[in-house]
Every structure is written in C-alpha cells, then in structure tokens.
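Worksheet: one structure, shown below.
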Amino acid sequence: MRTLVYSPFFPKKCGRAWDLKNTATLGIGSNVGDSKKIFERLWLWFAKHRAFSLLTSSPLYLNPPFGYHNQAHFYNATLSFKTALSALELFSLIFYLERRWGRTRKRAFKNAPRTLDIDVIFFNRLVSRQAHRMLPHPEWSRRESVLVPLILGHLAWREA
C-alpha cells in the first residue's frame, strides 16, 4: 500500500527567511511509534532553530519497507531549508536528532525498524565521498521513499 498523507506540517512552508548561505534537503523516515507525531515535532524543532530558515516539507508518503520486509510500512518525507551550518555540522546534528527521538546508532540488522531515520540527500551542490558522509546521498535516485516526497514537495511549492 502506497498512500499520500497530509498533516498540519506536511506539506508546510515556514515563512521565516534569514539570509543563510547553505541549502540542504533531508529525507526522513519512521516506522516505529507515532511516526506522524515524531515528524511534526522534528518540523517544529527545525522551524524554531535560528540556524535554519525557509523550511519546507513534502506530504508524507506511506510505503512498504525495502530490504527487510517483515516490518511495518514507513512514513517518509523530505525537508528542505537554508542553513548557517556546514555539511559536517549538519551531519553531527542529524545524529543527535536521531538519538533524541529514540534511534540508536547501532542497528540490530540492516534495514531494521526505527523511530527516526534522517539522511542528508543534498547539501548545496557538494559532492563528497567519505565513510558515513556521502553527498549527495548515494541511493537517493533509486529510492521511491525519497523520490516521491521530493517530487511532490517540489511541485507543491512551485505551484504555490
């Protein structure tokens, strides 16, 4: 089952527009706990933080898991924003946010269920290949869970 889900924060645009130098897009996913509430709290965290502006989100996309199939469907979405953070600072922040919402860095197995998964999809036009910090994300163009929210989010804001 693949379904688009709309909520008060997905899709949404934050009107705050500070002149920040970097642009980033994140892919977010969850299939443990109240995923919609986790995403809404994450959106609010970014919207209130002074290092981010022009925050936009896609609709939520409910879709089957890939890799390990014996688990709940995933909610996925994308968040795009301007930021004062560097790429390295953003990666560090992402690891903190995942832990804050209950994710452990050590997974039981590959593609295991999780409360919050955050991937940096794009950071400016940076291309970098370092262990655990690849930009753009190496699988983004092959993952329906990224492509559908990315396209729908872009279309929603282009038409607005």
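Labeling convention for the structure tokens: chains A, B, ... as they appear, residues from 1 per chain, ligands from 1 in order of appearance.
Proximity to Met1 of chain A at 9 Å, evaluated using only C-alpha atoms and with sequence-adjacent residues fewer than 3 positions away removed, yields Leu62, Asn63, Pro64 and His73 of chain A.
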May I have the residues from that selection written out with all heavy atoms, as a short mmCIF file (atom, residue, chain, number, x, y, z; two decimals), in the first residue's frame?
data_model
loop_
_atom_site.label_atom_id
_atom_site.label_comp_id
_atom_site.auth_asym_id
_atom_site.auth_seq_id
_atom_site.Cartn_x
_atom_site.Cartn_y
_atom_site.Cartn_z
N LEU A 62 3.38 7.11 2.81
CA LEU A 62 3.34 5.81 3.48
C LEU A 62 3.63 4.74 2.44
O LEU A 62 2.92 4.65 1.43
CB LEU A 62 1.97 5.60 4.12
CG LEU A 62 1.76 4.29 4.88
CD1 LEU A 62 2.73 4.18 6.06
CD2 LEU A 62 0.32 4.18 5.35
N ASN A 63 4.67 3.94 2.67
CA ASN A 63 5.08 2.96 1.66
C ASN A 63 5.72 1.75 2.31
O ASN A 63 6.18 1.81 3.45
CB ASN A 63 6.02 3.63 0.65
CG ASN A 63 7.27 4.18 1.28
OD1 ASN A 63 8.34 3.63 1.11
ND2 ASN A 63 7.17 5.28 2.02
N PRO A 64 5.76 0.63 1.56
CA PRO A 64 6.32 -0.60 2.13
C PRO A 64 7.82 -0.48 2.37
O PRO A 64 8.52 0.27 1.69
CB PRO A 64 6.04 -1.66 1.06
CG PRO A 64 5.29 -1.02 -0.03
CD PRO A 64 5.26 0.46 0.21
N HIS A 73 4.99 -0.62 7.52
CA HIS A 73 5.27 0.33 6.45
C HIS A 73 5.93 1.58 7.03
O HIS A 73 5.77 1.89 8.20
CB HIS A 73 3.97 0.72 5.74
CG HIS A 73 3.50 -0.30 4.75
ND1 HIS A 73 3.44 -1.65 5.02
CD2 HIS A 73 3.06 -0.16 3.49
CE1 HIS A 73 2.99 -2.30 3.96
NE2 HIS A 73 2.74 -1.42 3.01
#
Task: Residue list (alpha helix (DSSP H), DSSP) for chain A, as a ChimeraX atom specification - done: /A:35-48,87-100,144-159
TODO: Skip Ser92 of chain A itself and residues of its chain fewer than 4 positions away, then list as a list in words all residues within 12 Å of it, counting only C-alpha atoms.
DONE: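 The filter keeps Leu85, Ser86, Ala87, Leu88, Tyr96, Leu97, Glu98, Arg99, Ile118, Asp119, Val120, His132 and Arg133 of chain A.
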- [ ] Assign secondary structure with DSSP using the backbone only, and return the residues of segment 52-109 of chain A in strand (DSSP E or B) as a list in words.
- [x] Phe52, Ser53, Leu54, Leu55, Thr56, Ser57, Leu60, Tyr61, Leu62, Asn63, Phe74, Tyr75, Asn76, Ala77, Thr78, Leu79, Ser80, Phe81, Lys82 and Thr83 of chain A
TODO: Can you work out which one of A:Ser57, A:Gln71, A:Thr115, A:Thr104 has the shortest atom-to-atom distance to Tyr6 of chain A, counting only C-alpha atoms?
DONE: A:Ser57
Open item on the list: Env of Ala47 of chain A: 10 Å cut, atoms = only C-alpha atoms, seq-sep filter 2 positions within chain, self excluded. Answer as a list in words.
Closed with: Lys13, Cys14, Gly15, Arg16, Arg41, Leu42, Trp43, Leu44, Trp45, His49, Arg50, Ala51, Phe52, Ser53, Leu54, Leu55, Thr56 and Phe81 of chain A
- [ ] Point out the residue among A:Ala84, A:Leu26, A:Val32, A:Ile38 with the least atom-to-atom distance to Trp101 of chain A, counting only C-alpha atoms.
- [x]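 That would be A:Ile38, the residue with the smallest distance to Trp101 of chain A.
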Task: Test item: residues at most 6 Å from Thr25 of chain A, only C-alpha atoms, excluding those fewer than 3 positions along its chain, as a VMD selection string - done: chain A and resid 79 to 80 121 to 122
- [ ] Might you pull out every residue within 9 Å of Phe109 of chain A, with only C-alpha atoms counted and same-chain residues fewer than 3 positions away left off, and present them as a PyMOL selection string?
- [x] chain A and resi 68+106+112
TODO: Tell me which of A:His154, A:Arg142, A:Arg125, A:Arg2 sits closest to Thr78 of chain A, counting only C-alpha atoms.
DONE: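 For Thr78 of chain A, the nearest of the given residues is A:His154.
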- [ ] Would you please work out which residue, of A:Phe91, A:Trp140, A:Phe123, A:Phe10, is nearest to Glu40 of chain A when using only C-alpha atoms?
- [x]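 Distance minimum relative to Glu40 of chain A lands on A:Phe10.
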Open item on the list: So, with only C-alpha atoms as the atoms that count, which of A:Arg129, A:Arg100, A:Lys110, A:Lys36 lies closest to Tyr61 of chain A?
Closed with: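 Nearest candidate to Tyr61 of chain A out of A:Arg129, A:Arg100, A:Lys110, A:Lys36: A:Lys36.
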Task: Residue with smallest distance to Asp19 of chain A - pool A:Ser128, A:Phe46, A:Pro113, A:Lys82, counting only C-alpha atoms - done: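 Of all the options, A:Lys82 lies closest to Asp19 of chain A.
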